[in-house]
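Student: The structure follows.
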Amino acid sequence: MNILILGSGGREHSLAWAVMQNPKCDKLIVAPGNAGIAQIADCATLDINSGGAVVQFAEENSIEFVIIGPEAPLANGVADRLREAGLLVFGPSKAASALEASKAFTKEICDACGAPTAAYGHFTDIDAAKAYVRTQGAPIVVKADGLAAGKGVIIAETVAEAEAALDDMFGGSFGTAGAEVVIEEFMRGEEASFFVLCDGENVLPIGSAQDHKRVGEGDTGPNTGGMGAYSPAPVLTDAIAERALAEIVRPTVAEMTKRGMPYQGVLYVGLMIEDGAPRLVEYNARFGDPECQVLMMRLGAQAFDLMHAAAEGRLGSIQVNWADDHALTVVLAAKGYPGAYEKGTVIGGLDALSEDGNHMVFHAGTAERDGAFVAAGGRVLNVTARGSTLVEAQQRAYAMVDGVDWPDGFCRRDIGWRALD
Ligand code: AMP
Ligand code: GLY
C-alpha cells in the first residue's frame with residue numbers, strides 16, 4: 001500500500017517509523033517531514049492545510065491511505081476533501097474535529113451525553129464573563145474557545161488574574177480564538193492522557209500516557225508543548241480506563257454519530273482523576289506530541305493495522321497485542337525554548353547512536369545542512385526508549401541523551417518522576 005503521512009514533527013516521525021515496519025507498506029511519503037524522517041521515508045513539499053493540494057498530490061502519487069498528524073489540516077477540512085475524492089483517511093472530518101477546535105462545542109457535547117467534566121460558563125461578552133468569575137471565585141480556569149497552540153488556557157489563582165486573562169483574550173491576544181471564552185471550575189487530581197481509536201461506531205483503546213508540560217524540573221516554569229512523556233500512565237488503572245470509556249468516550253462517540261458527524265481517527269482524551277473518578281479536561285482530535293512517540297514505540301508495526309482498521313470501519317473486529325512494557329521519551333529543545341531560541345545550531349553524535357526496537361531518536365524539528373543535522377525548531381529531538389520497566393526505559397533514554405552532542409540544546413533530567421516517586 002502507498003501511504004502518505006501529513007506533518008513534520010516527532011509525532012509524524014514515530015508514525016512513519018511504525019508504519020515502515022509493517023510489510024503492508026510498499027511506499028511511504030511524509031509531507032513536509034523533516035531531516036530525521038527523510039532517513040526512513042520520502043519527504044515532499046506540500047501545503048498540508050489545503051485539501052485541494054493534498055488531493056492532487058495523493059492522486060499524482062497513487063496514494064491509497066492518508067494519515068493526518070496535526071490538528072490544523074483537520075480543522076481545515078483536509079480529511080473531508082480526501083474522502084470526497086474517494087481516498088482512505090485516518091483523521092476526523094472538520095465537523096468532528098471541533099472536539100478539539102472548539103472548547104464550547106466539547107462542553108455542549110458533554111452536557112448532551114452526560115460526560116463528567118468541569119462546571120463551566122460560555123461567554124462572548126466580557127462583562128458577563130467577568131461577572132461569572134466574580135460569582136465563582138478563584139482558582140478558576142479561563143480558556144480561549146478556539147485553537148491557540150496550547151497557549152489559550154489560563155489557570156487563574158485570583159479573580160484579578162482571571163479578569164486580566166479575559167481582558168487579554170477579548171482584547172485579541174489570541175486572535176479569533178479568543179473572541180469566545182469558556183470559564184471552568186478548577187479541577188484537582190492527577191492528569192493522564194488516554195488514546196482511543198474510533199471508526200464512527202466502535203472504540204478501541206490503544207494506550208495511556210502522561211506528559212510533562214512545564215519546561216523546568218519538578219514540573220515548574222512556563223508551559224511548553226511537552227518536554228517528555230511516558231506510557232503507560234500508572235494513574236490510569238484498568239478500572240478507571242473502563243469508567244472513562246463507559247462514562248465519557250462511548251457517550252461522546254455516540255452523540256457525535258447521532259449528530260451526523262461520526263468521529264473517525266484517534267481521540268486524545270485528557271482526563272483529571274481524583275478519588276478513582278475520571279473527568280474530562282479536554283479532547284484533541286489527533287495523537288499527542290510527544291505522547292505519540294511513546295505509544296508508537298510500544299505498538300510498533302501493528303499501529304498501521306489499527307489505524308487502517310479505524311479508517312475502514314473495522315475496529316469491531318481487531319485487537320491490540322499488548323506487551324507488558326513501558327516507553328519513555330525525553331525532549332531535547334533549543335536553549336531558550338519556550339521563549340526565543342536560535343535555529344541552525346549543529347547537532348552531533350546522532351549517527352553513533354544505535355537504534356532498534358527499544359531505542360529510537362525521533363526528530364521533532366531538524367533540517368539537514370552540508371551533511372549535518374541542524375536544529376530547526378524549539379523542540380528538536382525526542383529521545384525514546386522502551387523497557388520492561390519504566391526505570392529501564394528511563395535509563396535507556398538518558399543513556400542515549402548523553403550520546404547526543406548538542407551544546408545549544410537542553411532537556412529535563414526528571415522525565416517520569418511522578419510515576420517513579
Ligand atoms: P487544555 O488545553 O484544555 O488541555 O488545558 C491545558 C492544561 O490546563 C491541562 O492539561 C490541565 O493541566 C490544565 N487545565 C485545563 N482545564 C483545567 C481545569 N478545568 N481544571 C484544572 N486544570 C485544568
Ligand atoms: N503534548 C500535548 C499535546 O500534544 O497536545
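Convention: chains lettered A, B, ... in C-alpha cells order; per-chain residue numbering from 1; ligands numbered from 1 as shown.
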If you take only C-alpha atoms and all ligand atoms and a cut-off of 7 Å, which residues of chain A touch ligand 1, and what are their nearest atom pairs and distances in Å to one decimal, in chain and number order, as a tab-separated table?
Tutor:
```
residue	atom	partner	partner_atom_place_in_ligand_line	distance
A:Ala118	CA	ligand 1	19 (N)	5.4
A:Val141	CA	ligand 1	19 (N)	5.7
A:Gly150	CA	ligand 1	2 (O)	5.3
A:Gly152	CA	ligand 1	2 (O)	6.7
A:Val153	CA	ligand 1	5 (O)	5.4
A:Ile155	CA	ligand 1	22 (N)	6.8
A:Glu184	CA	ligand 1	19 (N)	5.1
A:Glu185	CA	ligand 1	19 (N)	5.2
A:Phe186	CA	ligand 1	20 (N)	3.7
A:Met187	CA	ligand 1	20 (N)	3.7
A:Arg188	CA	ligand 1	21 (C)	6.0
A:Glu191	CA	ligand 1	12 (O)	6.9
A:Gly270	CA	ligand 1	4 (O)	6.7
A:Val281	CA	ligand 1	16 (N)	5.3
A:Glu282	CA	ligand 1	3 (O)	4.9
```
Student: Return as a list in words every polymer residue, whether protein, DNA or RNA, with at least one atom no more than 6 Å from an atom of ligand 2; count only C-alpha atoms and all ligand atoms.
Tutor: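 If we count only C-alpha atoms and all ligand atoms, the neighbours of ligand 2 turn out to be Gly225, Gly226, Gly288, Asp289 and Pro290 of chain A.
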Student: Write out as a ChimeraX atom specification the residues lying within 7 Å of segment 339-351 of chain A, counting only C-alpha atoms and excluding same-chain residues fewer than 2 positions away.
Tutor: /A:334-337,353,372-378,403-406,408
Student: May I have the selected residues written with N, CA and C atoms, as a short mmCIF file (atom, residue, chain, number, x, y, z; two decimals), in the first residue's frame?
Tutor:
```
data_model
loop_
_atom_site.label_atom_id
_atom_site.label_comp_id
_atom_site.auth_asym_id
_atom_site.auth_seq_id
_atom_site.Cartn_x
_atom_site.Cartn_y
_atom_site.Cartn_z
N ALA A 334 15.83 23.51 21.98
CA ALA A 334 16.83 24.56 21.80
C ALA A 334 16.84 25.47 23.02
N LYS A 335 18.04 25.81 23.50
CA LYS A 335 18.14 26.69 24.67
C LYS A 335 17.32 27.96 24.44
N GLY A 336 16.52 28.32 25.45
CA GLY A 336 15.64 29.49 25.32
C GLY A 336 14.17 29.09 25.19
N TYR A 337 13.91 27.90 24.58
CA TYR A 337 12.54 27.41 24.43
C TYR A 337 11.89 27.28 25.80
N LEU A 353 24.61 6.69 17.61
CA LEU A 353 23.64 6.04 18.50
C LEU A 353 23.06 4.83 17.79
N ALA A 372 25.08 17.62 7.79
CA ALA A 372 24.91 17.57 9.26
C ALA A 372 23.46 17.86 9.62
N PHE A 373 23.05 17.38 10.80
CA PHE A 373 21.74 17.75 11.32
C PHE A 373 21.84 19.09 12.03
N VAL A 374 20.89 19.98 11.74
CA VAL A 374 20.83 21.24 12.48
C VAL A 374 19.43 21.42 13.06
N ALA A 375 19.37 22.20 14.16
CA ALA A 375 18.09 22.45 14.81
C ALA A 375 17.24 23.37 13.94
N ALA A 376 15.96 23.05 13.85
CA ALA A 376 15.07 23.86 13.00
C ALA A 376 13.78 24.22 13.73
N GLY A 377 13.78 24.10 15.06
CA GLY A 377 12.57 24.43 15.81
C GLY A 377 12.90 24.54 17.28
N GLY A 378 11.87 24.67 18.11
CA GLY A 378 12.06 24.76 19.56
C GLY A 378 12.27 23.39 20.16
N GLY A 403 24.62 10.64 24.71
CA GLY A 403 25.41 10.46 23.49
C GLY A 403 25.17 11.54 22.45
N VAL A 404 24.21 12.43 22.71
CA VAL A 404 23.93 13.50 21.74
C VAL A 404 24.84 14.69 22.05
N ASP A 405 25.50 15.18 21.02
CA ASP A 405 26.44 16.28 21.19
C ASP A 405 25.80 17.55 20.64
N TRP A 406 25.11 18.27 21.51
CA TRP A 406 24.39 19.47 21.07
C TRP A 406 24.47 20.53 22.18
N ASP A 408 23.92 23.53 22.24
CA ASP A 408 22.88 24.57 22.21
C ASP A 408 21.50 24.05 22.61
#
```
Student: List as a PyMOL selection string the protein and nucleic acid residues near Ala164 of chain A, meaning an atom at most 12 Å away when only C-alpha atoms are counted, but skip any in the same chain fewer than 2 places from it.
Tutor: chain A and resi 126+129-130+133+142+154-162+166-171+173
Student: If we count only C-alpha atoms and set the cut-off at 7 Å, which residues sit around Ala104 of chain A, ignoring sequence neighbours fewer than 5 positions away in its own chain? Please answer as JSON, numbers by chain.
Tutor: {"A": [122, 145, 182]}
Student: Restricted to all heavy atoms, what would the selected residues look like written as a PDB file, in the first residue's frame?
Tutor:
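Now in out.pdb:
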```pdb
ATOM      1  N   HIS A 122     -20.009  29.760  29.202  1.00  0.00           N
ATOM      2  CA  HIS A 122     -19.502  30.063  27.855  1.00  0.00           C
ATOM      3  C   HIS A 122     -19.907  31.493  27.526  1.00  0.00           C
ATOM      4  O   HIS A 122     -21.084  31.838  27.633  1.00  0.00           O
ATOM      5  CB  HIS A 122     -20.134  29.054  26.872  1.00  0.00           C
ATOM      6  CG  HIS A 122     -19.886  29.379  25.431  1.00  0.00           C
ATOM      7  ND1 HIS A 122     -20.785  29.100  24.433  1.00  0.00           N
ATOM      8  CD2 HIS A 122     -18.833  29.968  24.828  1.00  0.00           C
ATOM      9  CE1 HIS A 122     -20.297  29.499  23.265  1.00  0.00           C
ATOM     10  NE2 HIS A 122     -19.111  30.029  23.482  1.00  0.00           N
ATOM     11  N   ASP A 145     -11.738  29.942  23.220  1.00  0.00           N
ATOM     12  CA  ASP A 145     -12.531  28.851  22.647  1.00  0.00           C
ATOM     13  C   ASP A 145     -11.792  28.052  21.575  1.00  0.00           C
ATOM     14  O   ASP A 145     -11.900  26.843  21.526  1.00  0.00           O
ATOM     15  CB  ASP A 145     -13.830  29.401  22.041  1.00  0.00           C
ATOM     16  CG  ASP A 145     -14.652  28.289  21.399  1.00  0.00           C
ATOM     17  OD1 ASP A 145     -15.146  27.448  22.164  1.00  0.00           O
ATOM     18  OD2 ASP A 145     -14.761  28.241  20.161  1.00  0.00           O
ATOM     19  N   VAL A 182     -14.426  30.044  27.389  1.00  0.00           N
ATOM     20  CA  VAL A 182     -15.069  29.109  28.298  1.00  0.00           C
ATOM     21  C   VAL A 182     -14.396  29.325  29.656  1.00  0.00           C
ATOM     22  O   VAL A 182     -13.163  29.398  29.730  1.00  0.00           O
ATOM     23  CB  VAL A 182     -14.895  27.655  27.805  1.00  0.00           C
ATOM     24  CG1 VAL A 182     -15.259  26.664  28.894  1.00  0.00           C
ATOM     25  CG2 VAL A 182     -15.750  27.412  26.564  1.00  0.00           C
TER      26      VAL A 182
END
```
Student: Might you pull out every residue within 7 Å of segment 8-18 of chain A, with only C-alpha atoms counted and same-chain residues fewer than 3 positions away left off, and present them as a PyMOL selection string?
Tutor: chain A and resi 21+31-34+37+69+289-290+292-293+296+300-301+303-304+362-365+382
Student: For Asn61 of chain A, please output as a ChimeraX atom specification all residues within 12 Å (counting only C-alpha atoms; exclusion window: fewer than 3 positions along the same chain).
Tutor: /A:1-4,27-30,42,44,54-58,64-66
Student: Would you export the selected residues with N, CA and C atoms as an mmCIF file, in the first residue's frame, please?
Tutor:
```
data_model
loop_
_atom_site.group_PDB
_atom_site.id
_atom_site.type_symbol
_atom_site.label_atom_id
_atom_site.label_comp_id
_atom_site.auth_asym_id
_atom_site.auth_seq_id
_atom_site.Cartn_x
_atom_site.Cartn_y
_atom_site.Cartn_z
ATOM 1 N N MET A 1 0.836 -1.195 0.000
ATOM 2 C CA MET A 1 0.000 0.000 0.000
ATOM 3 C C MET A 1 0.877 1.254 0.000
ATOM 4 N N ASN A 2 0.438 2.264 -0.763
ATOM 5 C CA ASN A 2 1.155 3.541 -0.798
ATOM 6 C C ASN A 2 0.526 4.492 0.214
ATOM 7 N N ILE A 3 1.351 4.991 1.115
ATOM 8 C CA ILE A 3 0.829 5.737 2.265
ATOM 9 C C ILE A 3 1.429 7.140 2.306
ATOM 10 N N LEU A 4 0.588 8.107 2.670
ATOM 11 C CA LEU A 4 1.038 9.493 2.853
ATOM 12 C C LEU A 4 0.739 9.900 4.288
ATOM 13 N N LYS A 27 5.144 1.905 -0.058
ATOM 14 C CA LYS A 27 5.807 3.196 -0.264
ATOM 15 C C LYS A 27 5.259 4.173 0.765
ATOM 16 N N LEU A 28 6.153 4.956 1.355
ATOM 17 C CA LEU A 28 5.712 5.951 2.344
ATOM 18 C C LEU A 28 6.273 7.315 1.972
ATOM 19 N N ILE A 29 5.368 8.288 1.896
ATOM 20 C CA ILE A 29 5.785 9.680 1.705
ATOM 21 C C ILE A 29 5.289 10.471 2.911
ATOM 22 N N VAL A 30 6.140 11.344 3.451
ATOM 23 C CA VAL A 30 5.736 12.220 4.543
ATOM 24 C C VAL A 30 5.858 13.664 4.050
ATOM 25 N N ASP A 42 10.358 8.984 1.967
ATOM 26 C CA ASP A 42 10.470 10.136 1.075
ATOM 27 C C ASP A 42 9.760 11.313 1.716
ATOM 28 N N ALA A 44 8.128 15.223 1.001
ATOM 29 C CA ALA A 44 7.659 16.035 -0.121
ATOM 30 C C ALA A 44 7.183 17.375 0.391
ATOM 31 N N VAL A 54 -3.613 18.584 -1.273
ATOM 32 C CA VAL A 54 -3.330 17.229 -0.770
ATOM 33 C C VAL A 54 -4.008 16.184 -1.663
ATOM 34 N N VAL A 55 -5.241 16.447 -2.099
ATOM 35 C CA VAL A 55 -5.933 15.509 -3.003
ATOM 36 C C VAL A 55 -5.129 15.346 -4.292
ATOM 37 N N GLN A 56 -4.698 16.475 -4.853
ATOM 38 C CA GLN A 56 -3.954 16.420 -6.119
ATOM 39 C C GLN A 56 -2.652 15.628 -5.948
ATOM 40 N N PHE A 57 -1.948 15.896 -4.849
ATOM 41 C CA PHE A 57 -0.690 15.193 -4.591
ATOM 42 C C PHE A 57 -0.939 13.694 -4.437
ATOM 43 N N ALA A 58 -1.997 13.348 -3.702
ATOM 44 C CA ALA A 58 -2.298 11.927 -3.462
ATOM 45 C C ALA A 58 -2.614 11.233 -4.773
ATOM 46 N N GLU A 64 -2.842 5.527 -1.435
ATOM 47 C CA GLU A 64 -4.057 4.768 -1.127
ATOM 48 C C GLU A 64 -4.576 5.034 0.293
ATOM 49 N N PHE A 65 -3.725 5.600 1.129
ATOM 50 C CA PHE A 65 -4.121 5.810 2.529
ATOM 51 C C PHE A 65 -3.381 7.036 3.060
ATOM 52 N N VAL A 66 -4.131 7.967 3.653
ATOM 53 C CA VAL A 66 -3.521 9.195 4.183
ATOM 54 C C VAL A 66 -3.721 9.243 5.699
#
```
Student: Have a look at A:Val215, A:Ala352, A:Cys43, A:Val294 and name the one nearest to Arg413 of chain A; count only C-alpha atoms.
Tutor: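 Between A:Val215, A:Ala352, A:Cys43, A:Val294, the residue approaching Arg413 of chain A most closely is A:Val215.
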Student: Can you measure atom CA of Val383 of chain A to atom CA of Leu328 of chain A for me? One decimal in Å is fine.
Tutor: 8.3 Å
Student: Select, from A:Gly207, A:Pro222, A:Gly86, A:Gly200, the residue with the minimum atom-to-atom distance to Ala254 of chain A, counting only C-alpha atoms.
Tutor: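 Of A:Gly207, A:Pro222, A:Gly86, A:Gly200, the one nearest Ala254 of chain A is A:Gly200, counting only C-alpha atoms.
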Student: Could you write out, as a count of residues only, all the residues of segment 100-207 of chain A that DSSP marks as alpha helix (DSSP H)?
Tutor: 36
